[in-house]
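Undergrad: I'd like to ask some things about the structure below.
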Amino acid sequence: MNPNDLPIGVFDSGIGGLSVLSAIKTALPNEPLLYLGDTARVPYGSRSPETIVRYTQRVAGHLLKRGVKALVIACNTATTYGYEAVNTRCIELGIPVVGVIQPGAQAASALKSVSTVAVLGTVATVNGGQYTKEIQALNPNIQVIGKACPLLVPLVEEGWLNDHITEQIIVRYLNEIEAKPDAIILGCTHYPLLKHTFERILPKVTIIDSASV
Ligand code: DGL
């Protein structure tokens with residue numbers, strides 16, 4: 001088979017990466033895409049770095065074995081911990097791999113008159129501090145605050161997207177952020193599925209959807 005005819009492999013721990021898949025589909029409507037959601041082991045975000053690296057390598061390995069011409073790690077948690085290992089393997093195979101953190105960090109640091117950015121993500125993504133490093137490397141004047149929102153992934157996987165309980169939980173997480181952010185990064189690919197709720201709660205705050213930037 002001509003390698004150009006192979007699909008682009010896209011993966012996440014669950015359904016969150018579908019938000020990335022849909023952005024890729026809009027940008028590249030004629031590209032064949034192959035999606036893998038590791039719903040058997042979701043969530044990744046509450047696991048140890050070693051486990052996340054192992055899961056990421058396995059899922060990427062599965063797609064590489066199936067045959068893909070490029071890989072998209074459509075998961076912030078897997079990008080934070082597993083990108084390096086997957087990239088090393090992909091370099092050997094001559095296959096490009098992209099993660100989701102750099103584009104979100106670039107979008108945040110390019111915003112005008114923003115001094116505080118809150119990054120919402122899984123416990124592992126927030127602890128990994130990748131967004132903080134990337135944003136501050138681009139713009140050291142931006143203060144970055146991480147806020148883990150561990151209940152949101154199970155709620156999205158459950159399909160509770162337009163539910164008052166989900167909304168109350170989001171409000172509670174946002175109220176726990178000490179400073180008033182000018183912008184918020186949805187630093188988990190599950191959260192864009194709740195973007196309308198964030199926008200309703202925070203009409204004056206810029207919401208950056210790391211899945212589609
Ligand atoms: N969608 C994944 C992310 O972007 C996280 C979901 C999980 O905890 O497995 O981080």
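Residue names in the structure tokens use chain letters A, B, ... in the order shown, residue numbers from 1 in each chain, and ligand numbers from 1 in the order shown.
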Check region 11-212 of chain A with DSSP on the backbone and list each residue it calls strand (DSSP E or B), as a PyMOL selection string.
TA: chain A and resi 11-12+33-37+70-73+97-98+116-121+143-148+183-186+206-209
Undergrad: What lies within 9 Å of region 175-191 of chain A using only C-alpha atoms, ignoring chain neighbours under 3 positions off, as a compact mmCIF listing (two decimals) with C-alpha atoms, in the first residue's frame?
TA:
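So the final result, stored in selection30.txt, reads:
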```
# COMPACT_ATOMS: atom_id res chain seq x y z
CA ASP A 12 -7.09 9.38 23.52
CA GLY A 14 -11.62 7.73 25.78
CA ILE A 15 -14.08 9.84 23.80
CA GLY A 16 -12.31 13.17 24.51
CA GLY A 17 -10.07 12.86 21.46
CA LEU A 18 -13.17 12.92 19.24
CA SER A 19 -13.08 16.71 19.77
CA VAL A 20 -9.64 16.70 18.13
CA ALA A 74 -5.28 13.70 21.22
CA CYS A 75 -4.88 13.62 24.99
CA ASN A 76 -3.15 16.21 27.19
CA THR A 77 -2.30 13.64 29.85
CA VAL A 100 -2.07 18.75 21.98
CA ILE A 101 -0.23 20.89 24.53
CA GLY A 104 -2.92 25.50 23.33
CA ALA A 105 0.11 27.06 25.01
CA ALA A 108 -2.63 31.44 25.24
CA LEU A 111 -3.40 36.63 23.53
CA SER A 113 -3.63 41.93 27.46
CA VAL A 114 -3.75 38.65 29.33
CA SER A 115 -1.86 38.43 32.59
CA THR A 116 -3.34 35.32 34.23
CA VAL A 117 -4.23 32.05 32.51
CA ALA A 118 -5.85 29.11 34.27
CA VAL A 119 -5.15 25.66 32.86
CA LEU A 120 -7.90 23.17 33.63
CA GLY A 121 -6.91 19.55 33.22
CA THR A 122 -6.50 16.17 34.81
CA THR A 125 -1.62 17.12 33.42
CA VAL A 126 -1.69 19.83 36.09
CA TYR A 131 1.49 24.14 29.94
CA VAL A 144 -0.23 30.33 34.87
CA ILE A 145 -2.46 28.64 37.44
CA GLY A 146 -3.23 24.93 37.16
CA LYS A 147 -6.55 23.57 38.35
CA LEU A 152 -15.23 16.14 34.53
CA VAL A 153 -13.81 13.21 32.52
CA VAL A 156 -18.25 13.46 29.85
CA GLU A 157 -17.72 9.72 29.36
CA ILE A 170 -17.72 23.21 36.93
CA VAL A 171 -18.82 26.29 38.94
CA ARG A 172 -17.30 24.78 42.07
CA LEU A 194 -18.51 21.09 27.83
CA LYS A 195 -17.31 24.32 26.18
CA LYS A 204 -16.14 37.54 29.64
CA VAL A 205 -13.24 35.10 29.86
CA THR A 206 -11.40 33.86 26.77
CA ILE A 207 -11.79 30.09 26.55
CA ILE A 208 -9.03 28.27 24.67
CA ASP A 209 -10.03 24.88 23.40
CA SER A 210 -6.80 22.91 23.10
CA ALA A 211 -8.52 20.43 20.79
```
Undergrad: With distances taken over only C-alpha atoms and all ligand atoms, which residue among A:Tyr44, A:Phe11, A:Tyr35, A:Tyr173 lies nearest ligand 1?
TA: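 Under the stated criterion, the closest residue is A:Tyr44.
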Undergrad: Would you please work out which residue, of A:Ala70, A:Val98, A:Ala107, A:Cys149, is nearest to ligand 1 when using only C-alpha atoms and all ligand atoms?
TA: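 Among A:Ala70, A:Val98, A:Ala107, A:Cys149, it is A:Cys149 that comes nearest to ligand 1.
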Undergrad: Could you give me, as a PDB file with C-alpha atoms, in the first residue's frame, the residues within 8 Å of Tyr81 (chain A), counting only C-alpha atoms and dropping anything in the same chain fewer than 2 positions from it?
TA:
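The resulting file, selection22.pdb, is shown below:
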```pdb
ATOM      1  CA  PRO A  49       3.395   8.915  35.242  1.00  0.00           C
ATOM      2  CA  ILE A  52       0.462   6.783  31.646  1.00  0.00           C
ATOM      3  CA  VAL A  53       3.683   6.316  29.647  1.00  0.00           C
ATOM      4  CA  THR A  77      -2.305  13.636  29.848  1.00  0.00           C
ATOM      5  CA  ALA A  78      -0.720  11.232  27.345  1.00  0.00           C
ATOM      6  CA  THR A  79       1.081  14.135  25.631  1.00  0.00           C
ATOM      7  CA  TYR A  83       5.081  12.169  23.954  1.00  0.00           C
ATOM      8  CA  GLU A  84       8.819  11.640  24.264  1.00  0.00           C
ATOM      9  CA  GLY A 128       3.158  17.674  34.979  1.00  0.00           C
TER      10      GLY A 128
END
```
